[in-house]
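Participant: Take this structure, written in structure tokens, and hold onto it; I'll ask about it next.
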Amino acid sequence: MQTSDQPILRDIVLVGGGHSHVGVLRMFGMKPWPGVRLTLICTDIHTPYSGMLPGYIAGHYSYDDVHIDLGRLCAFAGARLFKDEVVGIDRANQKVICKNRPPVAYDALSINIGSTPQVQLVPGALENAVPVKPIARFNQRWVSLLERVKTHAGKTTIAVVGGGAGGVELALAMQFRLRNELSAMGRNPDELEFHLFTADADVLPTHNTGVRARFEKVLAERGVVLHRDAEVVQLNGHTLQTKQGEHLHADEIMWVTQAGGAAWLANTDLELDSRGFINVGPTLQTSRDPKIFAAGDIANLTSTPLEKAGVFAVRMGKPLTKNLHLFVQGAELLEYRPQKTWLALISTGDKYAVASKGSLGFAGSWVWQWKDWIDRRFMAKFSEFPDMDPNTKSAAGNSTPNLALTQEESLQAISAIAMRCGGCGAKVGSTVLSRALGNLEPVDREDVLVGLHAPDDAAIVKVPPGKAMVHTVDFFRAFVDDPYIFGKVAANHALGDVFAMGGEAQSATAVVTVPPGLESKVEELLFQMMSGAVEVLNDAGCALVGGHTGEGRELALGFAINGLVDENMDGVMIKGGMRPGDAIVLTKPIGTGTLFAALPQLKTKGRWIDAALESMVKSNRIGAQCLREYGSKACTDLTGFGLLGHLVEMTRPSEVDAELDLSALPLLDGALEMVSAGIVSSLQPANVRLRRAIRNQAEYVNDPRYPLIFDPQTAGGLLATVPGDKADACVAALKKLGYEHTAIIGRILPQGEAIEPIVLKG
């Protein structure tokens with residue numbers, strides 16, 4: 001979580017993790033702009049570098065070699081990463097419309113989403129072809145195709161539609177990889193048959209005749225059947241039909257042509273060209289809205305039409321960065337002047353490449369090695385970040401902003417920067433608060449007599465007959481830069497105690513701390529965070545009935561939760577309910593403490609953090625119900641005390657011992673790597689003191705999983721015991737409900753004479 005004494009005055013939102021935007025993020029990380037917050041909205045945590053994608057398909061590179069980790073890059077840049085799909089833009093209110101989260105406000109917006117295959121223009125292509133673009137989603141399609149071909153018996157015919165550089169590289173890379181795969185399986189690689197369809201008279205029509213001749217020769221030598229002047233106009237199942245009436249049946253069809261803009265752009269009223277790309281001027285601003293920029297393949301530079309090539313997207317990164325900065329400063333923007341010729345290094349699949357620039361062309365294995373060196377050097381910029389002095393970066397972020405502000409905004413900025421009095425609990429203004437919460441719709445409950453629907457000094461909640469109250473409270477500061485996700489995690493974490501006891505959540509009172517800033521920024525932050533929280537509360541049937549919002553240096557959120565249980569304690573699960581012979585069940589993987597300690601150190605992978613957050617936003621509500629159905633009498637939710645701390649808490653009142661199987665522990669991806677590197681949460685040392693509760697800890701102190709039993713958890717899973725004869729069925733039921741990492745991690749033993757209640761096994 002990035003913190004700064006400088007209030008946020010302007011928001012720049014980047015839509016898409018394309019080659020231009022990764023350049024913006026890196027340059028912003030090297031030199032932050034005071035008062036400016038950067039937000040990236042992207043569907044994927046890892047974005048592929050198109051220049052290395054053919055090498056990945058051919059098997060020369062690993063997944064991580066060719067993908068930029070946007071999670072680490074955003075952490076380096078101090079930017080927020082929102083994982084979601086953009087479906088529109090509300091230009092009047094300057095908000096980006098997302099598929100699964102509240103709209104995101106912007107002062108300046110940049111779009112770098114690449115192109116989208118227009119497969120819907122060819123009958124049958126949408127259902128039967130595999131599109132290469134958008135390349136960010138290509139990996140899953142490629143892995144699926146690879147498995148289909150490997151398991152397909154006999155001859156396999158593969159057709160690639162598109163005779164440009166992308167289509168030719170893809171065909172040759174696929175052929176090289178698949179032949180090697182079949183050979184490794186002991187099968188005949190000649191079972192593969194490749195066809196390449198181009199609507200032009202030649203392949204690579206934008207390159208010189210020498211380069212085209214080289215590739216036509218390579219295609220012929222490799223046995224790739226070239227179909228010239230063969231525009232594919234229809235797919236009848238897996239049969240391709242060309243404009244000239246030619247037909248070919250193919251088992252797999254790859255689509256590398258007829259790309260255009262994303263469909264949602266048509267509803268933005270931005271000026272688009274005939275293929276749906278966004279028209280931009282020399283400053284990369286859209287022609288109808290100067291607040292919106294576009295770069296890369298999605299941009300159509302009206303002053304100088306460009307080929308859709310990755311080199312232009314990369315080169316646009318620097319001028320786009322400068323112009324976004326100049327725009328929020330209210331200064332005159334610079335014109336982007338693309339180069340007239342550029343170097344293209346096109347691979348043939350087998351570590352051989354052809355260089356093409358204007359009328360020049362040359363080839364060889366050394367060209368591939370040169371390309372490999374260039375590509376790896378480019379990727380290193382986004383994975384090997386310089387060791388920057390945090391004080392230097394903090395000073396850059398906290399220096400005086402030079403931004404174009406209205407008179408009212410300037411007054412608010414001065415007030416935010418100045419020392420606030422802290423009176424009245426440093427409350428956030430009522431107008432800001434009412435606007436932020438006005439669009440939220442907390443669930444209605446008949447037993448809430450006075451709540452947010454009719455705000456008063458306090459809420460009034462009725463206890464239904466035959467019910468007893470469960471009270472719990474949780475509060476912590478933000479550990480991720482996405483306020484919506486943080487709101488969901490915080491609410492989930494707070495509800496966990498009620499669910500762990502077998503209770504029903506009834507009402508919630510929020511306590512919020514937000515950094516001071518412009519009213520519009522505080523309002524937006526509150527709305528994003530509380531939208532996430534209310535979604536979780538509503539799903540649990542828990543009514544948000546009130547709260548307190550104050551100013552502070554860091555964003556923080558907590559809830560006091562009221563729950564209900566039967567007053568006769570029927571169905572209640574308590575920590576003291578363990579019995580000898582019970583199996584110990586854990587419903588979620590552990591490792592959040594070490595992962596989020598590693599995040600600001602740029603040691604994690606984005607997909608590890610993404611998977612951890614997915615686990616943290618998963619509710620324990622139906623899991624607790626399932627455990628009750630299988631006879632659980634003892635349950636708790638894993639939080640800051642870690643697995644061992646909570647297990648010890650349960651054994652003492654239960655008067656039992658417990659055997660914990662380290663080898664059975666479900667772990668979050670990356671947790672073992674991070675804790676093995678010595679990265680632990682600040683709470684870890686306090687938790688480690690409980691090692692005295694382990695009877696045989698000396699035997700397992702060097703086990704790589706051992707440190708993780710002390711790892712503090714946020715919104716962790718349920719730690720419960722169920723009768724031994726029901727354990728397997730209970731685990732199967734929990735997995736069916738979506739707790740796929742549920743595991744039996746030990747068993748309950750009769751209390752022995754030893755003082756230490758925990759015995760390790762592994």
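Following the order of the structure tokens, chains are lettered A, B, ..., residues in each are numbered from 1, and ligands are numbered from 1.
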Give me the residues near stretch 7-13 of chain A as a PyMOL selection string, where near means some atom within 8 Å (using only C-alpha atoms) and where sequence neighbours in that chain fewer than 3 positions away do not count.

Facilitator: chain A and resi 4+35-41+105-110+324+328+413+416-417+515-518+521

Participant: Enumerate the residues of stretch 539-651 of chain A with a DSSP assignment of strand (DSSP E or B), computed from the backbone, and present them as a CSV table (one decimal) with N, CA, C and O atoms, in the first residue's frame.

Facilitator:
chain,number,residue,atom,x,y,z
A,543,ALA,N,-26.8,-6.0,7.6
A,543,ALA,CA,-27.2,-4.7,7.3
A,543,ALA,C,-26.1,-3.7,7.8
A,543,ALA,O,-25.8,-3.8,9.0
A,544,LEU,N,-25.6,-2.8,7.0
A,544,LEU,CA,-24.7,-1.7,7.4
A,544,LEU,C,-25.6,-0.7,8.0
A,544,LEU,O,-26.5,-0.1,7.3
A,545,VAL,N,-25.5,-0.4,9.3
A,545,VAL,CA,-26.4,0.5,10.0
A,545,VAL,C,-25.8,1.8,10.4
A,545,VAL,O,-26.5,2.7,10.9
A,546,GLY,N,-24.5,2.0,10.2
A,546,GLY,CA,-23.9,3.3,10.6
A,546,GLY,C,-22.4,3.1,10.7
A,546,GLY,O,-21.8,2.2,10.2
A,547,GLY,N,-21.8,4.2,11.3
A,547,GLY,CA,-20.4,4.2,11.4
A,547,GLY,C,-19.8,5.5,11.7
A,547,GLY,O,-20.5,6.5,11.9
A,548,HIS,N,-18.5,5.6,11.6
A,548,HIS,CA,-17.7,6.8,11.8
A,548,HIS,C,-16.6,6.9,10.8
A,548,HIS,O,-15.9,5.9,10.5
A,549,THR,N,-16.4,8.1,10.2
A,549,THR,CA,-15.4,8.3,9.2
A,549,THR,C,-14.5,9.5,9.6
A,549,THR,O,-15.0,10.6,9.8
A,550,GLY,N,-13.2,9.2,9.7
A,550,GLY,CA,-12.3,10.3,10.1
A,550,GLY,C,-11.1,10.3,9.2
A,550,GLY,O,-10.9,9.4,8.4
A,551,GLU,N,-10.3,11.4,9.3
A,551,GLU,CA,-9.1,11.6,8.5
A,551,GLU,C,-7.9,11.0,9.2
A,551,GLU,O,-7.8,11.1,10.4
A,556,ALA,N,-7.8,3.0,6.3
A,556,ALA,CA,-8.1,1.9,7.2
A,556,ALA,C,-9.6,1.7,7.3
A,556,ALA,O,-10.3,2.6,7.1
A,557,LEU,N,-9.9,0.5,7.6
A,557,LEU,CA,-11.4,0.1,7.7
A,557,LEU,C,-11.6,-1.0,8.7
A,557,LEU,O,-10.8,-1.9,8.8
A,558,GLY,N,-12.6,-0.8,9.5
A,558,GLY,CA,-13.0,-1.9,10.4
A,558,GLY,C,-14.5,-1.9,10.6
A,558,GLY,O,-15.2,-1.0,10.2
A,559,PHE,N,-14.9,-3.0,11.2
A,559,PHE,CA,-16.4,-3.2,11.5
A,559,PHE,C,-16.6,-3.8,12.8
A,559,PHE,O,-15.9,-4.7,13.3
A,560,ALA,N,-17.6,-3.3,13.5
A,560,ALA,CA,-18.2,-4.0,14.7
A,560,ALA,C,-19.4,-4.7,14.1
A,560,ALA,O,-20.3,-4.1,13.6
A,561,ILE,N,-19.4,-6.0,14.3
A,561,ILE,CA,-20.4,-6.9,13.7
A,561,ILE,C,-21.3,-7.5,14.9
A,561,ILE,O,-20.8,-7.9,15.9
A,562,ASN,N,-22.6,-7.4,14.7
A,562,ASN,CA,-23.5,-8.1,15.6
A,562,ASN,C,-24.1,-9.3,14.8
A,562,ASN,O,-24.4,-9.2,13.6
A,563,GLY,N,-24.1,-10.4,15.5
A,563,GLY,CA,-24.6,-11.7,14.9
A,563,GLY,C,-25.6,-12.3,15.8
A,563,GLY,O,-25.8,-11.9,17.0
A,564,LEU,N,-26.3,-13.3,15.3
A,564,LEU,CA,-27.3,-14.0,16.1
A,564,LEU,C,-27.1,-15.5,16.1
A,564,LEU,O,-26.6,-16.1,15.1
A,565,VAL,N,-27.3,-16.1,17.3
A,565,VAL,CA,-27.3,-17.5,17.5
A,565,VAL,C,-28.5,-17.9,18.3
A,565,VAL,O,-29.1,-17.1,19.0
A,566,ASP,N,-28.8,-19.2,18.3
A,566,ASP,CA,-29.9,-19.7,19.2
A,566,ASP,C,-29.5,-19.5,20.6
A,566,ASP,O,-28.3,-19.8,21.0
A,583,ALA,N,-10.9,-35.0,13.3
A,583,ALA,CA,-9.9,-34.6,12.2
A,583,ALA,C,-9.9,-33.1,12.2
A,583,ALA,O,-10.9,-32.4,12.4
A,584,ILE,N,-8.7,-32.5,12.0
A,584,ILE,CA,-8.5,-31.1,11.9
A,584,ILE,C,-8.6,-30.7,10.4
A,584,ILE,O,-7.9,-31.2,9.6
A,585,VAL,N,-9.5,-29.8,10.1
A,585,VAL,CA,-9.8,-29.4,8.7
A,585,VAL,C,-9.5,-27.9,8.6
A,585,VAL,O,-9.8,-27.1,9.5
A,586,LEU,N,-8.8,-27.5,7.5
A,586,LEU,CA,-8.6,-26.1,7.1
A,586,LEU,C,-9.1,-25.9,5.8
A,586,LEU,O,-8.9,-26.6,4.8
A,590,ILE,N,-2.8,-21.1,3.4
A,590,ILE,CA,-2.2,-20.0,4.3
A,590,ILE,C,-1.0,-19.4,3.5
A,590,ILE,O,-0.5,-19.9,2.6
A,634,ALA,N,-16.2,-27.4,17.0
A,634,ALA,CA,-15.1,-26.5,17.3
A,634,ALA,C,-14.7,-25.8,16.0
A,634,ALA,O,-14.4,-26.5,15.0
A,635,CYS,N,-14.6,-24.5,16.0
A,635,CYS,CA,-14.2,-23.8,14.8
A,635,CYS,C,-13.7,-22.4,15.2
A,635,CYS,O,-14.2,-21.8,16.2
A,636,THR,N,-12.8,-21.9,14.4
A,636,THR,CA,-12.3,-20.5,14.5
A,636,THR,C,-11.9,-20.1,13.1
A,636,THR,O,-11.6,-20.9,12.2
A,637,ASP,N,-11.8,-18.8,12.9
A,637,ASP,CA,-11.3,-18.3,11.6
A,637,ASP,C,-9.8,-17.9,11.8
A,637,ASP,O,-9.5,-17.3,12.8

Participant: Find the residue from A:Gly466, A:Gly496, A:Pro54, A:Pro305 that sits nearest to A:Arg621; use only C-alpha atoms when measuring.

Facilitator: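 Selected residue with least distance to A:Arg621: A:Gly496.
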
Participant: To one decimal in Å, tell me the separation between atom CA of A:Val149 and atom CA of A:Thr47.

Facilitator: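 Going from atom CA of A:Val149 over to atom CA of A:Thr47, I get 25.4 Å.
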
Participant: Which is closer to A:Leu668 than all the others in A:Phe312, A:Tyr56, A:Phe82, A:Trp608, using only C-alpha atoms?

Facilitator: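 Smallest distance to A:Leu668 is found for A:Trp608.
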
Participant: Identify, with DSSP run on backbone atoms, the residues in stretch 369-545 of chain A assigned to helix (DSSP H, G or I), and express the list as a PyMOL selection string.

Facilitator: chain A and resi 369-380+390-398+407-417+423-426+430-438+483-500+519-539

Participant: May I have the residues within 8 Å of A:Leu749 as JSON, numbers by chain, using only C-alpha atoms and disregarding those fewer than 2 positions away in the same chain?

Facilitator: {"A": [579, 580, 581, 656, 657, 658, 659, 747, 751]}

Participant: Quick one, how far is atom CA of A:Glu519 from atom CA of A:Asn439?

Facilitator: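 Separating atom CA of A:Glu519 from atom CA of A:Asn439 is a distance of 16.5 Å.
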
Participant: Set the distance at 7 Å and use only C-alpha atoms: which residues neighbour A:Pro134 once local chain neighbours fewer than 3 positions away are removed? I'd like the list as a ChimeraX atom specification.

Facilitator: /A:114-116,137-138

Participant: Write out as a VMD selection string which residues come within 8 Å of A:His741 when counting only C-alpha atoms, dropping same-chain ones fewer than 3 positions away.

Facilitator: chain A and resid 587 to 589 666 735

Participant: Please dump the current selection as a short mmCIF file (atom, residue, chain, number, x, y, z; two decimals), in the first residue's frame; keep C-alpha atoms.

Facilitator:
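Saved as out_6.cif:
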data_model
loop_
_atom_site.label_atom_id
_atom_site.label_comp_id
_atom_site.auth_asym_id
_atom_site.auth_seq_id
_atom_site.Cartn_x
_atom_site.Cartn_y
_atom_site.Cartn_z
CA THR A 587 -10.71 -24.57 4.38
CA LYS A 588 -8.28 -22.06 2.80
CA PRO A 589 -4.55 -22.03 2.03
CA PRO A 666 -2.54 -26.05 1.89
CA LYS A 735 -14.47 -28.61 -2.15
#

Participant: What does the distance from atom CA of A:Ser682 to atom CA of A:Met530 come to in Å, to one decimal?

Facilitator: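 Value for the atom CA of A:Ser682-atom CA of A:Met530 distance: 27.1 Å.
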
Participant: For A:Gly623, which of A:Ala500, A:Ala715, A:Ala199, A:Leu602 is the closest residue, counting only C-alpha atoms?

Facilitator: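 Looking at the shortest contact to A:Gly623, the residue is A:Ala500.
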
Participant: Please determine, counting only C-alpha atoms, which residue among A:Tyr700, A:Trp142, A:Phe28, A:Tyr739 has the shortest atom-to-atom distance to A:Lys318.

Facilitator: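 Checking each candidate against A:Lys318, we get A:Phe28 as the closest.
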